[in-house]
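As provided, entry-v8.cif (mmCIF, C-alpha atoms) reads as follows.
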data_entry
loop_
_atom_site.label_atom_id
_atom_site.label_comp_id
_atom_site.auth_asym_id
_atom_site.auth_seq_id
_atom_site.Cartn_x
_atom_site.Cartn_y
_atom_site.Cartn_z
CA MET A 139 15.14 10.45 0.94
CA GLU A 140 17.57 11.02 3.80
CA LYS A 141 21.06 9.63 3.34
CA GLN A 142 20.78 7.28 6.33
CA GLU A 143 17.46 5.91 5.13
CA LEU A 144 18.89 5.28 1.67
CA LYS A 145 21.81 3.46 3.26
CA ARG A 146 19.44 1.31 5.32
CA LEU A 147 17.51 0.32 2.22
CA LYS A 148 20.65 -0.44 0.22
CA LEU A 149 21.81 -2.74 3.02
CA ALA A 150 18.40 -4.41 3.04
CA ALA A 151 18.67 -5.05 -0.71
CA CYS A 152 22.14 -6.56 -0.19
CA GLN A 153 20.74 -8.83 2.52
CA LEU A 154 17.89 -9.86 0.24
CA ARG A 155 20.34 -10.89 -2.47
CA MET A 156 22.34 -12.95 0.02
CA ASP A 157 19.11 -14.61 1.15
CA VAL A 158 18.21 -15.46 -2.45
CA VAL A 159 21.55 -17.13 -3.12
CA THR A 160 21.40 -18.97 0.21
CA GLN A 161 17.94 -20.38 -0.50
CA VAL A 162 18.61 -21.55 -4.04
CA HIS A 163 21.96 -23.07 -3.11
CA ALA A 164 20.45 -24.94 -0.16
CA ALA A 165 17.65 -26.31 -2.34
CA HIS A 166 19.93 -27.13 -5.30
CA SER A 167 17.16 -25.61 -7.43
CA GLY A 168 15.19 -22.43 -7.93
CA HIS A 169 15.14 -19.20 -9.90
CA PRO A 170 17.79 -16.74 -8.76
CA GLY A 171 17.99 -14.46 -11.82
CA GLY A 172 14.62 -12.75 -11.56
CA ALA A 173 14.69 -12.65 -7.77
CA LEU A 174 18.03 -10.80 -7.85
CA SER A 175 16.85 -8.34 -10.51
CA SER A 176 13.85 -7.47 -8.32
CA ALA A 177 15.82 -6.98 -5.08
CA GLU A 178 15.34 -3.21 -4.87
CA ILE A 179 11.69 -3.52 -5.89
CA PHE A 180 11.00 -6.06 -3.14
CA THR A 181 12.96 -3.93 -0.68
CA TRP A 182 11.07 -0.75 -1.49
CA LEU A 183 7.69 -2.48 -1.35
CA TYR A 184 8.20 -4.12 2.04
CA GLN A 185 10.36 -1.52 3.72
CA LYS A 186 8.59 1.64 2.50
CA GLU A 187 5.55 1.23 0.29
CA LEU A 188 3.15 -1.39 1.58
CA ARG A 189 0.84 -0.68 4.49
CA VAL A 190 1.13 -4.06 6.22
CA ASP A 191 1.49 -5.33 9.77
CA PRO A 192 3.28 -8.66 10.39
CA ALA A 193 1.33 -9.02 13.63
CA GLN A 194 -1.91 -8.94 11.60
CA PRO A 195 -1.06 -10.49 8.22
CA LYS A 196 -4.73 -10.79 7.24
CA ALA A 197 -5.86 -7.33 8.40
CA PRO A 198 -8.72 -6.30 6.07
CA GLY A 199 -7.30 -2.84 5.42
CA ARG A 200 -3.79 -3.96 4.50
CA ASP A 201 -2.24 -3.23 1.13
CA ARG A 202 -1.87 -6.30 -1.08
CA LEU A 203 1.00 -7.60 -3.19
CA VAL A 204 0.54 -10.33 -5.78
CA LEU A 205 3.79 -11.88 -6.99
CA SER A 206 2.54 -12.74 -10.46
CA LYS A 207 5.99 -14.02 -11.43
CA GLY A 208 5.77 -16.57 -8.63
CA HIS A 209 9.05 -18.28 -9.49
CA SER A 210 10.87 -15.24 -8.03
CA SER A 211 9.75 -16.48 -4.62
CA PRO A 212 13.25 -16.48 -3.02
CA GLY A 213 13.25 -12.68 -3.17
CA TYR A 214 9.67 -12.53 -1.94
CA TYR A 215 10.42 -14.82 1.00
CA SER A 216 13.40 -12.74 2.02
CA ALA A 217 11.35 -9.53 1.89
CA LEU A 218 8.59 -11.08 3.98
CA CYS A 219 10.83 -12.55 6.66
CA ARG A 220 13.00 -9.43 6.95
CA ARG A 221 9.78 -7.44 7.44
CA GLY A 222 8.89 -9.77 10.30
CA PHE A 223 6.28 -12.12 8.86
CA PHE A 224 8.27 -15.26 9.74
CA ASP A 225 11.64 -16.32 11.12
CA PRO A 226 14.62 -15.93 8.75
CA GLU A 227 15.82 -19.32 9.99
CA LEU A 228 13.20 -20.84 7.67
CA LEU A 229 14.93 -19.55 4.55
CA PRO A 230 17.39 -22.48 4.19
CA THR A 231 14.36 -24.82 4.10
CA PHE A 232 13.37 -23.40 0.71
CA ARG A 233 11.81 -26.13 -1.45
CA ALA A 234 12.51 -28.79 1.20
CA PRO A 235 9.84 -31.45 1.79
CA GLY A 236 7.42 -30.23 4.46
CA SER A 237 8.64 -26.62 4.38
CA ILE A 238 6.11 -23.82 3.99
CA LEU A 239 8.56 -22.14 1.59
CA GLN A 240 7.97 -24.03 -1.61
CA GLY A 241 9.04 -23.03 -5.11
CA HIS A 242 5.94 -20.88 -5.55
CA PRO A 243 4.24 -18.90 -2.75
CA ASP A 244 1.23 -20.43 -0.98
CA MET A 245 -1.27 -18.06 0.66
CA LYS A 246 -2.62 -20.83 2.90
CA LYS A 247 0.73 -21.55 4.52
CA ILE A 248 2.95 -18.45 4.43
CA PRO A 249 2.11 -15.40 6.57
CA GLY A 250 1.95 -12.26 4.46
CA VAL A 251 1.31 -13.98 1.12
CA ASP A 252 -1.90 -12.57 -0.39
CA MET A 253 -2.22 -14.88 -3.40
CA THR A 254 -0.93 -18.31 -4.40
CA THR A 255 0.87 -17.87 -7.71
CA GLY A 256 2.99 -19.78 -10.18
CA SER A 257 1.25 -20.02 -13.53
CA LEU A 258 2.43 -16.91 -15.35
CA GLY A 259 -0.17 -14.34 -16.31
CA GLN A 260 -2.74 -15.32 -13.72
CA GLY A 261 -1.55 -13.25 -10.78
CA VAL A 262 -2.41 -9.93 -12.38
CA SER A 263 -6.03 -11.04 -12.80
CA ALA A 264 -6.22 -11.83 -9.09
CA ALA A 265 -4.77 -8.41 -8.33
CA CYS A 266 -7.48 -6.80 -10.47
CA GLY A 267 -10.13 -8.65 -8.49
CA MET A 268 -8.68 -7.42 -5.21
CA ALA A 269 -8.58 -3.84 -6.46
CA LEU A 270 -12.15 -4.00 -7.73
CA SER A 271 -13.30 -5.41 -4.39
CA ALA A 272 -11.76 -2.42 -2.61
CA LYS A 273 -13.66 -0.08 -4.94
CA LEU A 274 -16.97 -1.89 -4.47
CA PHE A 275 -16.74 -1.95 -0.69
CA GLY A 276 -15.24 1.51 -0.25
CA ASP A 277 -11.93 0.28 1.16
CA ASP A 278 -8.80 2.38 0.80
CA TYR A 279 -6.14 -0.29 0.46
CA ARG A 280 -3.89 -0.42 -2.60
CA VAL A 281 -3.00 -3.48 -4.66
CA TYR A 282 0.38 -4.11 -6.28
CA ALA A 283 1.38 -6.85 -8.71
CA LEU A 284 4.93 -7.72 -9.74
CA LEU A 285 5.35 -9.45 -13.09
CA GLY A 286 8.18 -10.19 -15.49
CA ASP A 287 8.67 -8.86 -18.99
CA GLY A 288 8.65 -12.41 -20.36
CA GLU A 289 5.35 -12.94 -18.56
CA VAL A 290 3.86 -10.04 -20.53
CA GLU A 291 3.76 -12.43 -23.51
CA GLU A 292 0.85 -14.20 -21.79
CA GLY A 293 -2.52 -13.22 -23.28
CA GLN A 294 -4.20 -13.16 -19.89
CA VAL A 295 -2.02 -10.20 -18.91
CA TRP A 296 -3.72 -8.09 -21.57
CA GLU A 297 -7.19 -9.33 -20.70
CA ALA A 298 -6.49 -8.21 -17.13
CA ALA A 299 -5.14 -4.89 -18.41
CA MET A 300 -8.39 -4.21 -20.30
CA PHE A 301 -10.39 -5.10 -17.18
CA ALA A 302 -8.30 -2.83 -14.96
CA ALA A 303 -8.61 0.18 -17.25
CA HIS A 304 -12.32 -0.37 -17.92
CA ASN A 305 -13.01 -0.37 -14.19
CA LYS A 306 -10.75 2.66 -13.55
CA LEU A 307 -8.74 0.81 -10.91
CA ASP A 308 -6.53 3.68 -9.77
CA ASN A 309 -5.82 1.73 -6.57
CA LEU A 310 -3.90 -0.80 -8.68
CA CYS A 311 -0.21 -0.62 -9.56
CA TRP A 312 1.63 -3.16 -11.69
CA ILE A 313 5.42 -3.33 -11.69
CA VAL A 314 7.07 -4.99 -14.69
CA ASP A 315 10.58 -6.26 -13.96
CA CYS A 316 12.09 -5.51 -17.37
CA ASN A 317 15.34 -7.49 -17.16
CA GLY A 318 15.16 -8.47 -20.82
CA LEU A 319 15.56 -12.22 -20.31
CA GLN A 320 13.38 -15.28 -19.86
CA ILE A 321 14.08 -18.99 -19.64
CA ASP A 322 14.47 -19.40 -23.41
CA GLY A 323 16.69 -16.37 -23.97
CA ARG A 324 16.17 -12.69 -24.67
CA VAL A 325 12.57 -11.54 -24.55
CA GLU A 326 12.98 -9.66 -27.84
CA ASP A 327 14.07 -12.90 -29.54
CA VAL A 328 11.37 -15.15 -28.07
CA ALA A 329 8.35 -12.90 -28.67
CA GLY A 330 9.15 -9.21 -28.83
CA ILE A 331 6.93 -7.07 -26.61
CA GLU A 332 8.11 -3.58 -27.50
CA PRO A 333 7.02 -0.83 -27.56
CA LEU A 334 5.74 -1.86 -24.13
CA ASP A 335 5.02 1.68 -22.96
CA LYS A 336 2.79 2.41 -25.96
CA LYS A 337 0.96 -0.88 -25.54
CA PHE A 338 0.12 -0.20 -21.90
CA GLU A 339 -0.90 3.35 -22.79
CA GLY A 340 -3.17 1.93 -25.48
CA PHE A 341 -4.77 -0.37 -22.93
CA GLY A 342 -5.53 2.61 -20.67
CA PHE A 343 -2.71 2.57 -18.10
CA GLU A 344 -0.68 5.45 -16.75
CA VAL A 345 2.85 4.41 -17.72
CA ILE A 346 5.77 5.32 -15.46
CA LYS A 347 9.19 4.45 -16.83
CA VAL A 348 12.01 3.66 -14.41
CA ALA A 349 15.34 3.93 -16.22
CA ASP A 350 17.11 1.96 -13.49
CA GLY A 351 14.85 -0.31 -11.47
CA ASN A 352 17.82 -1.26 -9.30
CA ASP A 353 18.09 2.36 -8.08
CA LEU A 354 16.09 2.99 -4.91
CA GLU A 355 15.79 6.74 -5.41
CA GLN A 356 14.32 6.24 -8.88
CA LEU A 357 11.88 3.72 -7.43
CA GLU A 358 10.85 6.20 -4.74
CA GLU A 359 9.99 8.78 -7.39
CA ALA A 360 8.12 6.24 -9.52
CA PHE A 361 6.00 4.87 -6.68
CA ASN A 362 5.16 8.41 -5.56
CA LYS A 363 3.91 9.15 -9.07
CA ALA A 364 1.87 5.93 -9.12
CA ARG A 365 0.07 6.80 -5.89
CA ALA A 366 -0.95 10.17 -7.37
CA VAL A 367 -2.62 8.65 -10.46
CA THR A 368 -6.41 8.95 -10.57
CA GLY A 369 -9.02 7.42 -12.82
CA LYS A 370 -6.89 4.62 -14.23
CA PRO A 371 -4.36 1.96 -13.16
CA ALA A 372 -0.62 2.60 -13.17
CA VAL A 373 2.25 0.46 -14.39
CA LEU A 374 5.94 0.89 -13.60
CA LEU A 375 8.24 -0.33 -16.36
CA ALA A 376 11.41 -0.90 -14.38
CA LYS A 377 14.59 -1.62 -16.34
CA THR A 378 16.69 -4.04 -14.30
CA VAL A 379 19.60 -6.47 -14.67
CA LYS A 380 18.88 -10.18 -14.46
CA GLY A 381 21.03 -11.74 -11.73
CA LYS A 382 22.03 -8.30 -10.43
CA GLY A 383 24.77 -8.37 -7.80
CA VAL A 384 26.38 -11.69 -8.74
CA SER A 385 28.89 -11.13 -11.52
CA TYR A 386 28.59 -14.47 -13.31
CA MET A 387 24.77 -14.39 -13.18
CA GLU A 388 24.27 -10.87 -14.51
CA ASP A 389 22.44 -10.67 -17.84
CA GLN A 390 22.71 -14.44 -18.36
CA ALA A 391 19.54 -16.32 -19.35
CA GLY A 392 21.04 -19.56 -18.05
CA TRP A 393 20.61 -18.28 -14.49
CA HIS A 394 16.88 -17.83 -14.89
CA GLY A 395 16.35 -21.19 -13.22
CA ALA A 396 19.60 -22.75 -11.98
CA ALA A 397 21.32 -23.19 -8.63
CA PRO A 398 24.96 -22.37 -7.90
CA ASN A 399 27.28 -25.19 -6.89
CA ASP A 400 29.41 -24.85 -3.76
CA GLU A 401 32.21 -22.95 -5.48
CA GLN A 402 29.80 -20.61 -7.24
CA TYR A 403 27.91 -20.08 -3.98
CA GLU A 404 31.08 -19.00 -2.19
CA GLN A 405 31.96 -16.60 -5.00
CA ALA A 406 28.46 -15.11 -5.00
CA MET A 407 28.40 -14.64 -1.24
CA SER A 408 31.87 -13.11 -1.29
CA GLU A 409 30.77 -10.58 -3.90
CA LEU A 410 27.58 -9.77 -2.02
CA ARG A 411 29.39 -9.38 1.31
CA ALA A 412 31.82 -7.00 -0.41
CA ALA A 413 28.89 -5.00 -1.79
CA MET A 414 27.35 -4.79 1.67
CA GLN A 415 30.66 -3.63 3.13
CA GLU A 416 30.90 -0.98 0.43
CA VAL A 417 27.50 0.36 1.44
CA GLU A 418 28.47 0.26 5.12
CA ASN A 419 31.62 2.27 4.41
CA ASN A 420 30.35 4.73 1.83
CA GLY A 421 26.55 4.71 1.99
#

What does this structure look like when you write it as structure tokens?
Amino acid sequence: MEKQELKRLKLAACQLRMDVVTQVHAAHSGHPGGALSSAEIFTWLYQKELRVDPAQPKAPGRDRLVLSKGHSSPGYYSALCRRGFFDPELLPTFRAPGSILQGHPDMKKIPGVDMTTGSLGQGVSAACGMALSAKLFGDDYRVYALLGDGEVEEGQVWEAAMFAAHNKLDNLCWIVDCNGLQIDGRVEDVAGIEPLDKKFEGFGFEVIKVADGNDLEQLEEAFNKARAVTGKPAVLLAKTVKGKGVSYMEDQAGWHGAAPNDEQYEQAMSELRAAMQEVENNG
């Protein structure tokens, strides 16, 4: 990746984090932790990976993304609006009565949303259905699903995994945001899921490990590998930091679903503006 392009993407990830904090603060509720950990993933998907056109959000040949961990919607909404699907001025209406931007994404109201999600574990099944449809009708679009490592505890995830492998859905790519935390604490303490790579391999997936899922160059390499997989689905296991970019939120389970007060908001935005300035100055 060229240096200028990497800088552009880093700035986009900084903007996404600022958008997340702005939305959750304005709503006095929401889930900032997992949205912040996925910032680079959202950025890569909507700035580089997905074949989508905001002018034709329902184009039949578009690539699809299913946000299986639907509570990370603030990051999703930022990615969509910054890609041009709707006006960024809508972001502060997050969770407000009458707003299209509710706590979980709604495919009937929000341009660019391919599946309504919220109940954990269900989104990946919908993604499998989309991928199978493409196979049956000879379409060449790809389907991506973003889920959390806590979500992997849901049994339906593994039913969907069996289905995907059985049907050789090599047009399907799952991304697991492995930030190690869920609402009740550390994933390993609630219901340990390791060794996750061996489990996905056992279910028939091509496993691609991303040592730092908050590193755009590592994501580039991982997504390139995923597109080259044939005969089976791929899964990216991306190690990230919950609450990444906001010092007091990082690696803290309490920020899975909590909103910053005014003082915390100002601190977060100050830190994020400083990070953006650092990128501007040094790339």

Picked residues, the PyMOL selection byres ((chain A and resi 414) around 12), expected as a PyMOL selection string: chain A and resi 145-156+383+407-413+415-421

Could you jot down the CA of Ile313 (chain A) to CA of Ser206 (chain A) separation for me, Å, one decimal place? 9.9 Å

Near region 157-172 of chain A, within 6 Å and counting only C-alpha atoms, which residues show up once chain neighbours fewer than 2 positions away are dropped, as a count of residues only? 19

Carefully work through the PyMOL selection byres ((chain A and resi 266) around 9) for this structure and note down the residues it includes, as a VMD selection string. chain A and resid 261 to 265 267 to 271 281 298 to 299 301 to 302 307 310

Selection under test: the PyMOL selection byres ((chain A and resi 347) around 7); residues as a PyMOL selection string: chain A and resi 345-346+348-349+374-376

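Close contacts of Met245 (chain A), defined as residues with an atom at most 10 Å away when counting all atoms listed in the file, with chain neighbours fewer than 6 positions off set aside, comprise Ile238, Val251, Asp252, Met253, Thr254 and Thr255 of chain A.
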
Surrounding residues of Lys207 (chain A) excluding itself and chain neighbours under 3 positions, 9 Å, all atoms listed in the file, as a PyMOL selection string: chain A and resi 172+204+210-211+255-259+261+283-286+289

Could you complete region 390-416 of chain A so that it carries N, CA, C and O atoms, and give it back as a PDB file, in the frame of the given file?
ATOM      1  N   GLN A 390      22.507 -13.102 -17.809  1.00  0.00           N
ATOM      2  CA  GLN A 390      22.710 -14.440 -18.360  1.00  0.00           C
ATOM      3  C   GLN A 390      21.409 -15.241 -18.232  1.00  0.00           C
ATOM      4  O   GLN A 390      20.962 -15.539 -17.121  1.00  0.00           O
ATOM      5  N   ALA A 391      20.804 -15.593 -19.365  1.00  0.00           N
ATOM      6  CA  ALA A 391      19.540 -16.320 -19.350  1.00  0.00           C
ATOM      7  C   ALA A 391      19.657 -17.669 -18.652  1.00  0.00           C
ATOM      8  O   ALA A 391      18.687 -18.176 -18.075  1.00  0.00           O
ATOM      9  N   GLY A 392      20.838 -18.262 -18.683  1.00  0.00           N
ATOM     10  CA  GLY A 392      21.040 -19.560 -18.050  1.00  0.00           C
ATOM     11  C   GLY A 392      20.806 -19.564 -16.555  1.00  0.00           C
ATOM     12  O   GLY A 392      20.575 -20.626 -15.956  1.00  0.00           O
ATOM     13  N   TRP A 393      20.852 -18.379 -15.929  1.00  0.00           N
ATOM     14  CA  TRP A 393      20.610 -18.280 -14.490  1.00  0.00           C
ATOM     15  C   TRP A 393      19.176 -17.892 -14.169  1.00  0.00           C
ATOM     16  O   TRP A 393      18.864 -17.521 -13.043  1.00  0.00           O
ATOM     17  N   HIS A 394      18.304 -18.015 -15.162  1.00  0.00           N
ATOM     18  CA  HIS A 394      16.880 -17.830 -14.890  1.00  0.00           C
ATOM     19  C   HIS A 394      16.417 -18.872 -13.867  1.00  0.00           C
ATOM     20  O   HIS A 394      15.727 -18.540 -12.906  1.00  0.00           O
ATOM     21  N   GLY A 395      16.786 -20.113 -14.104  1.00  0.00           N
ATOM     22  CA  GLY A 395      16.350 -21.190 -13.220  1.00  0.00           C
ATOM     23  C   GLY A 395      17.449 -22.206 -13.002  1.00  0.00           C
ATOM     24  O   GLY A 395      17.367 -23.323 -13.527  1.00  0.00           O
ATOM     25  N   ALA A 396      18.489 -21.840 -12.269  1.00  0.00           N
ATOM     26  CA  ALA A 396      19.600 -22.750 -11.980  1.00  0.00           C
ATOM     27  C   ALA A 396      20.176 -22.398 -10.619  1.00  0.00           C
ATOM     28  O   ALA A 396      20.102 -21.251 -10.178  1.00  0.00           O
ATOM     29  N   ALA A 397      20.745 -23.402  -9.962  1.00  0.00           N
ATOM     30  CA  ALA A 397      21.320 -23.190  -8.630  1.00  0.00           C
ATOM     31  C   ALA A 397      22.840 -23.214  -8.693  1.00  0.00           C
ATOM     32  O   ALA A 397      23.420 -24.010  -9.432  1.00  0.00           O
ATOM     33  N   PRO A 398      23.497 -22.348  -7.926  1.00  0.00           N
ATOM     34  CA  PRO A 398      24.960 -22.370  -7.900  1.00  0.00           C
ATOM     35  C   PRO A 398      25.488 -23.591  -7.171  1.00  0.00           C
ATOM     36  O   PRO A 398      24.887 -24.045  -6.184  1.00  0.00           O
ATOM     37  N   ASN A 399      26.621 -24.119  -7.651  1.00  0.00           N
ATOM     38  CA  ASN A 399      27.280 -25.190  -6.890  1.00  0.00           C
ATOM     39  C   ASN A 399      28.038 -24.553  -5.719  1.00  0.00           C
ATOM     40  O   ASN A 399      27.985 -23.334  -5.510  1.00  0.00           O
ATOM     41  N   ASP A 400      28.748 -25.366  -4.960  1.00  0.00           N
ATOM     42  CA  ASP A 400      29.410 -24.850  -3.760  1.00  0.00           C
ATOM     43  C   ASP A 400      30.416 -23.751  -4.073  1.00  0.00           C
ATOM     44  O   ASP A 400      30.467 -22.715  -3.394  1.00  0.00           O
ATOM     45  N   GLU A 401      31.204 -23.955  -5.109  1.00  0.00           N
ATOM     46  CA  GLU A 401      32.210 -22.950  -5.480  1.00  0.00           C
ATOM     47  C   GLU A 401      31.543 -21.655  -5.941  1.00  0.00           C
ATOM     48  O   GLU A 401      31.968 -20.552  -5.558  1.00  0.00           O
ATOM     49  N   GLN A 402      30.515 -21.792  -6.752  1.00  0.00           N
ATOM     50  CA  GLN A 402      29.800 -20.610  -7.240  1.00  0.00           C
ATOM     51  C   GLN A 402      29.090 -19.893  -6.086  1.00  0.00           C
ATOM     52  O   GLN A 402      29.009 -18.656  -6.060  1.00  0.00           O
ATOM     53  N   TYR A 403      28.568 -20.671  -5.158  1.00  0.00           N
ATOM     54  CA  TYR A 403      27.910 -20.080  -3.980  1.00  0.00           C
ATOM     55  C   TYR A 403      28.891 -19.220  -3.194  1.00  0.00           C
ATOM     56  O   TYR A 403      28.577 -18.082  -2.817  1.00  0.00           O
ATOM     57  N   GLU A 404      30.082 -19.749  -2.954  1.00  0.00           N
ATOM     58  CA  GLU A 404      31.080 -19.000  -2.190  1.00  0.00           C
ATOM     59  C   GLU A 404      31.477 -17.723  -2.918  1.00  0.00           C
ATOM     60  O   GLU A 404      31.650 -16.666  -2.298  1.00  0.00           O
ATOM     61  N   GLN A 405      31.612 -17.800  -4.235  1.00  0.00           N
ATOM     62  CA  GLN A 405      31.960 -16.600  -5.000  1.00  0.00           C
ATOM     63  C   GLN A 405      30.839 -15.559  -4.910  1.00  0.00           C
ATOM     64  O   GLN A 405      31.100 -14.371  -4.699  1.00  0.00           O
ATOM     65  N   ALA A 406      29.595 -16.025  -5.070  1.00  0.00           N
ATOM     66  CA  ALA A 406      28.460 -15.110  -5.000  1.00  0.00           C
ATOM     67  C   ALA A 406      28.371 -14.428  -3.640  1.00  0.00           C
ATOM     68  O   ALA A 406      28.201 -13.201  -3.551  1.00  0.00           O
ATOM     69  N   MET A 407      28.508 -15.204  -2.583  1.00  0.00           N
ATOM     70  CA  MET A 407      28.400 -14.640  -1.240  1.00  0.00           C
ATOM     71  C   MET A 407      29.552 -13.686  -0.944  1.00  0.00           C
ATOM     72  O   MET A 407      29.383 -12.655  -0.265  1.00  0.00           O
ATOM     73  N   SER A 408      30.724 -14.006  -1.465  1.00  0.00           N
ATOM     74  CA  SER A 408      31.870 -13.110  -1.290  1.00  0.00           C
ATOM     75  C   SER A 408      31.610 -11.768  -1.965  1.00  0.00           C
ATOM     76  O   SER A 408      31.884 -10.697  -1.403  1.00  0.00           O
ATOM     77  N   GLU A 409      31.079 -11.809  -3.174  1.00  0.00           N
ATOM     78  CA  GLU A 409      30.770 -10.580  -3.900  1.00  0.00           C
ATOM     79  C   GLU A 409      29.689  -9.771  -3.184  1.00  0.00           C
ATOM     80  O   GLU A 409      29.781  -8.537  -3.082  1.00  0.00           O
ATOM     81  N   LEU A 410      28.680 -10.459  -2.680  1.00  0.00           N
ATOM     82  CA  LEU A 410      27.580  -9.770  -2.020  1.00  0.00           C
ATOM     83  C   LEU A 410      28.006  -9.197  -0.663  1.00  0.00           C
ATOM     84  O   LEU A 410      27.576  -8.100  -0.280  1.00  0.00           O
ATOM     85  N   ARG A 411      28.861  -9.927   0.046  1.00  0.00           N
ATOM     86  CA  ARG A 411      29.390  -9.380   1.310  1.00  0.00           C
ATOM     87  C   ARG A 411      30.241  -8.140   1.041  1.00  0.00           C
ATOM     88  O   ARG A 411      30.189  -7.156   1.802  1.00  0.00           O
ATOM     89  N   ALA A 412      31.005  -8.164  -0.043  1.00  0.00           N
ATOM     90  CA  ALA A 412      31.820  -7.000  -0.410  1.00  0.00           C
ATOM     91  C   ALA A 412      30.918  -5.809  -0.759  1.00  0.00           C
ATOM     92  O   ALA A 412      31.235  -4.667  -0.401  1.00  0.00           O
ATOM     93  N   ALA A 413      29.833  -6.074  -1.457  1.00  0.00           N
ATOM     94  CA  ALA A 413      28.890  -5.000  -1.790  1.00  0.00           C
ATOM     95  C   ALA A 413      28.267  -4.412  -0.540  1.00  0.00           C
ATOM     96  O   ALA A 413      28.099  -3.194  -0.422  1.00  0.00           O
ATOM     97  N   MET A 414      27.929  -5.278   0.415  1.00  0.00           N
ATOM     98  CA  MET A 414      27.350  -4.790   1.670  1.00  0.00           C
ATOM     99  C   MET A 414      28.365  -3.955   2.441  1.00  0.00           C
ATOM    100  O   MET A 414      28.033  -2.910   3.000  1.00  0.00           O
ATOM    101  N   GLN A 415      29.621  -4.388   2.439  1.00  0.00           N
ATOM    102  CA  GLN A 415      30.660  -3.630   3.130  1.00  0.00           C
ATOM    103  C   GLN A 415      30.881  -2.273   2.482  1.00  0.00           C
ATOM    104  O   GLN A 415      31.100  -1.278   3.160  1.00  0.00           O
ATOM    105  N   GLU A 416      30.779  -2.239   1.154  1.00  0.00           N
ATOM    106  CA  GLU A 416      30.900  -0.980   0.430  1.00  0.00           C
ATOM    107  C   GLU A 416      29.816   0.014   0.847  1.00  0.00           C
ATOM    108  O   GLU A 416      30.077   1.203   1.036  1.00  0.00           O
TER     109      GLU A 416
END
